[in-house]
Amino acid sequence: MNSLFNFFIYFQKIIAKNVKIESLDFQKVEKIAFLDCAYKKEKVKCVCVIFDKTKNRIEKVDELIEDVYFPYVPTFLFLREAPHMIKLIERNPADLYVIDGHGLAHPRKAGIATVIGVLLDIPTIGIAKKFLYGNIVGDKIIVDNMEVGIKFKKYYISIGNKVDLKTLEDFLKFFNYEYPWPLKEADKISKMD
């Protein structure tokens with residue numbers, strides 16, 4: 001099992017080297033997909049909420065229920081959830097994907113939002129309820145002397161891929177520095193029977 005995890009660590013390091021940190025014009029973003037998963041016994045329910053930013057409303061909810069193939073291991077959430085999220089992402093085009101989990105605020109700069117973003121070459125943001133890694137200076141999350149995210153209220157938002165710190169700030173401003181309600185909705189639906 002150790003050699004397997006060594007491979008996963010190597011994989012995450014390669015993902016981190018391929019991250020694109022670039023400006024995403026948030027004014028031009030129209031559709032945002034919010035993704036979250038919940039578990040019941042050996043099943044995972046993954047939900048994608050498509051939010052229309054121009055109309056400030058949820059346009060669509062898509063979900064899937066599948067078997068869980070991998071146990072929860074801290075810092076390796078992508079192994080458990082990414083395959084299910086990727087299926088939903090592939091059938092739900094959006095301008096930006098917001099994933100319940102971390103992006104660059106991760107020991108190897110490869111949280112689930114980063115892994116999915118790099119693999120699919122899409123703009124991603126990670127939002128987590130628990131602090132995982134780095135230092136917090138003021139409201140900024142620092143990893144390897146680099147600002148990778150923002151602490152707001154009791155939450156942590158970080159760059160996934162193809163976004164920058166300004167994108168995170170614009171996103172937070174749009175949602176009045178509150179936990180985004182469409183992600184809350186995805187969380188709620190994922191826990192329903």
# chains A, B, ... in the order shown; residues from 1 in each chain; ligands from 1
>>> select_by_dssp(residues="chain A", states="strand (DSSP E or B)", output="MDAnalysis selection string")
chainID A and resid 31:40 43:52 57:67 96:100 124:128 135:137 140:143 146:152 155:161
>>> residues_around(residues="segment 167-182 of chain A", least_positions_apart="2", cutoff="7 Å", atoms="only C-alpha atoms", output="PyMOL selection string")
chain A and resi 23-24+26+34+49+51+152+163-165+184-186
>>> residues_around(residues="Lys53 of chain A", least_positions_apart="2", cutoff="10 Å", atoms="only C-alpha atoms", output="list in words")
Phe26, Gln27, Lys28, Val29, Glu30, Lys31, Ile32, Ile50, Phe51, Lys55, Asn56, Arg57, Ile58, Glu59 and Phe174 of chain A
>>> select_by_dssp(residues="segment 35-118 of chain A", states="alpha helix (DSSP H)", output="list in words")
Leu77, Phe78, Leu79, Arg80, Glu81, Ala82, Pro83, His84, Met85, Ile86, Lys87, Leu88, Ile89, Glu90, Ile112, Ala113, Thr114, Val115, Ile116, Gly117 and Val118 of chain A
>>> residues_around(residues="Ile142 of chain A", least_positions_apart="5", cutoff="12 Å", atoms="only C-alpha atoms", output="PyMOL selection string")
chain A and resi 104-107+109+131-137+147-151+156-159+165
>>> residues_around(residues="Ile122 of chain A", least_positions_apart="3", cutoff="9 Å", atoms="only C-alpha atoms", output="ChimeraX atom specification")
/A:95-97,116-119,161-162
>>> write_last_selection(atoms="all heavy atoms", output="tab-separated table (two decimals), in the first residue's frame")
chain	number	residue	atom	x	y	z
A	95	ASP	N	-18.76	27.85	-16.91
A	95	ASP	CA	-17.60	28.74	-17.07
A	95	ASP	C	-16.63	28.60	-15.91
A	95	ASP	O	-15.46	28.96	-16.03
A	95	ASP	CB	-18.07	30.20	-17.17
A	95	ASP	CG	-19.05	30.41	-18.31
A	95	ASP	OD1	-18.73	29.99	-19.43
A	95	ASP	OD2	-20.14	30.98	-18.08
A	96	LEU	N	-17.13	28.11	-14.78
A	96	LEU	CA	-16.32	27.98	-13.57
A	96	LEU	C	-16.91	26.85	-12.74
A	96	LEU	O	-18.13	26.70	-12.66
A	96	LEU	CB	-16.36	29.30	-12.78
A	96	LEU	CG	-15.69	29.34	-11.41
A	96	LEU	CD1	-14.17	29.11	-11.52
A	96	LEU	CD2	-15.96	30.68	-10.72
A	97	TYR	N	-16.02	26.06	-12.12
A	97	TYR	CA	-16.46	24.94	-11.27
A	97	TYR	C	-15.97	25.17	-9.85
A	97	TYR	O	-14.78	25.40	-9.62
A	97	TYR	CB	-15.92	23.61	-11.82
A	97	TYR	CG	-16.50	23.28	-13.16
A	97	TYR	CD1	-15.93	23.79	-14.33
A	97	TYR	CD2	-17.63	22.48	-13.27
A	97	TYR	CE1	-16.49	23.51	-15.58
A	97	TYR	CE2	-18.19	22.20	-14.52
A	97	TYR	CZ	-17.61	22.71	-15.66
A	97	TYR	OH	-18.17	22.45	-16.89
A	116	ILE	N	-8.86	18.04	-10.32
A	116	ILE	CA	-9.91	18.05	-11.35
A	116	ILE	C	-9.66	19.15	-12.38
A	116	ILE	O	-9.76	18.93	-13.58
A	116	ILE	CB	-11.31	18.20	-10.70
A	116	ILE	CG1	-11.68	16.90	-9.97
A	116	ILE	CG2	-12.38	18.54	-11.76
A	116	ILE	CD1	-12.95	16.98	-9.15
A	117	GLY	N	-9.29	20.34	-11.90
A	117	GLY	CA	-9.03	21.46	-12.81
A	117	GLY	C	-7.93	21.18	-13.80
A	117	GLY	O	-8.06	21.47	-15.00
A	118	VAL	N	-6.82	20.60	-13.31
A	118	VAL	CA	-5.68	20.31	-14.19
A	118	VAL	C	-6.02	19.16	-15.15
A	118	VAL	O	-5.75	19.25	-16.35
A	118	VAL	CB	-4.41	20.00	-13.37
A	118	VAL	CG1	-3.29	19.47	-14.26
A	118	VAL	CG2	-3.95	21.26	-12.62
A	119	LEU	N	-6.63	18.09	-14.63
A	119	LEU	CA	-6.95	16.95	-15.49
A	119	LEU	C	-7.88	17.33	-16.63
A	119	LEU	O	-7.73	16.87	-17.76
A	119	LEU	CB	-7.58	15.81	-14.67
A	119	LEU	CG	-6.64	15.02	-13.76
A	119	LEU	CD1	-7.43	13.98	-12.98
A	119	LEU	CD2	-5.53	14.34	-14.54
A	161	ASN	N	-7.51	25.77	-10.41
A	161	ASN	CA	-6.77	25.85	-11.67
A	161	ASN	C	-7.42	26.92	-12.54
A	161	ASN	O	-8.63	27.16	-12.46
A	161	ASN	CB	-6.83	24.49	-12.39
A	161	ASN	CG	-5.96	24.45	-13.63
A	161	ASN	OD1	-4.78	24.77	-13.59
A	161	ASN	ND2	-6.54	24.04	-14.75
A	162	LYS	N	-6.60	27.60	-13.36
A	162	LYS	CA	-7.05	28.59	-14.33
A	162	LYS	C	-7.83	29.76	-13.70
A	162	LYS	O	-8.73	30.32	-14.32
A	162	LYS	CB	-7.86	27.93	-15.45
A	162	LYS	CG	-7.01	26.97	-16.27
A	162	LYS	CD	-7.76	26.38	-17.42
A	162	LYS	CE	-7.50	27.17	-18.68
A	162	LYS	NZ	-8.02	26.49	-19.88
>>> atom_distance(atom1="atom CA of Lys60 of chain A", atom2="atom CA of Val47 of chain A")
10.6 Å
>>> decode(residues="segment 21-36 of chain A", atoms="N, CA and C atoms", output="mmCIF file, in the first residue's frame")
data_model
loop_
_atom_site.group_PDB
_atom_site.id
_atom_site.type_symbol
_atom_site.label_atom_id
_atom_site.label_comp_id
_atom_site.auth_asym_id
_atom_site.auth_seq_id
_atom_site.Cartn_x
_atom_site.Cartn_y
_atom_site.Cartn_z
ATOM 1 N N ILE A 21 -2.164 29.356 -13.136
ATOM 2 C CA ILE A 21 -2.742 30.439 -12.337
ATOM 3 C C ILE A 21 -2.879 31.618 -13.278
ATOM 4 N N GLU A 22 -4.126 31.929 -13.611
ATOM 5 C CA GLU A 22 -4.368 33.000 -14.569
ATOM 6 C C GLU A 22 -5.663 33.723 -14.234
ATOM 7 N N SER A 23 -5.763 34.901 -14.761
ATOM 8 C CA SER A 23 -6.938 35.726 -14.496
ATOM 9 C C SER A 23 -8.151 35.171 -15.241
ATOM 10 N N LEU A 24 -9.258 35.079 -14.521
ATOM 11 C CA LEU A 24 -10.529 34.710 -15.136
ATOM 12 C C LEU A 24 -11.433 35.924 -14.951
ATOM 13 N N ASP A 25 -11.892 36.485 -16.052
ATOM 14 C CA ASP A 25 -12.741 37.677 -15.966
ATOM 15 C C ASP A 25 -14.102 37.279 -15.393
ATOM 16 N N PHE A 26 -14.277 37.525 -14.093
ATOM 17 C CA PHE A 26 -15.494 37.081 -13.408
ATOM 18 C C PHE A 26 -16.742 37.773 -13.948
ATOM 19 N N GLN A 27 -16.574 38.970 -14.522
ATOM 20 C CA GLN A 27 -17.717 39.679 -15.124
ATOM 21 C C GLN A 27 -18.327 38.851 -16.257
ATOM 22 N N LYS A 28 -17.465 38.114 -16.971
ATOM 23 C CA LYS A 28 -17.929 37.341 -18.130
ATOM 24 C C LYS A 28 -18.428 35.945 -17.766
ATOM 25 N N VAL A 29 -18.228 35.548 -16.518
ATOM 26 C CA VAL A 29 -18.701 34.234 -16.074
ATOM 27 C C VAL A 29 -20.226 34.259 -15.982
ATOM 28 N N GLU A 30 -20.871 33.332 -16.654
ATOM 29 C CA GLU A 30 -22.333 33.253 -16.613
ATOM 30 C C GLU A 30 -22.808 32.040 -15.830
ATOM 31 N N LYS A 31 -22.240 30.876 -16.150
ATOM 32 C CA LYS A 31 -22.668 29.654 -15.469
ATOM 33 C C LYS A 31 -21.568 29.138 -14.539
ATOM 34 N N ILE A 32 -21.964 28.878 -13.287
ATOM 35 C CA ILE A 32 -21.039 28.324 -12.299
ATOM 36 C C ILE A 32 -21.610 26.999 -11.816
ATOM 37 N N ALA A 33 -20.780 25.954 -11.870
ATOM 38 C CA ALA A 33 -21.195 24.642 -11.364
ATOM 39 C C ALA A 33 -20.636 24.463 -9.952
ATOM 40 N N PHE A 34 -21.489 24.065 -9.031
ATOM 41 C CA PHE A 34 -21.101 23.807 -7.640
ATOM 42 C C PHE A 34 -21.247 22.311 -7.388
ATOM 43 N N LEU A 35 -20.180 21.668 -6.881
ATOM 44 C CA LEU A 35 -20.194 20.213 -6.703
ATOM 45 C C LEU A 35 -19.879 19.791 -5.272
ATOM 46 N N ASP A 36 -20.645 18.810 -4.802
ATOM 47 C CA ASP A 36 -20.422 18.252 -3.468
ATOM 48 C C ASP A 36 -20.864 16.791 -3.471
#
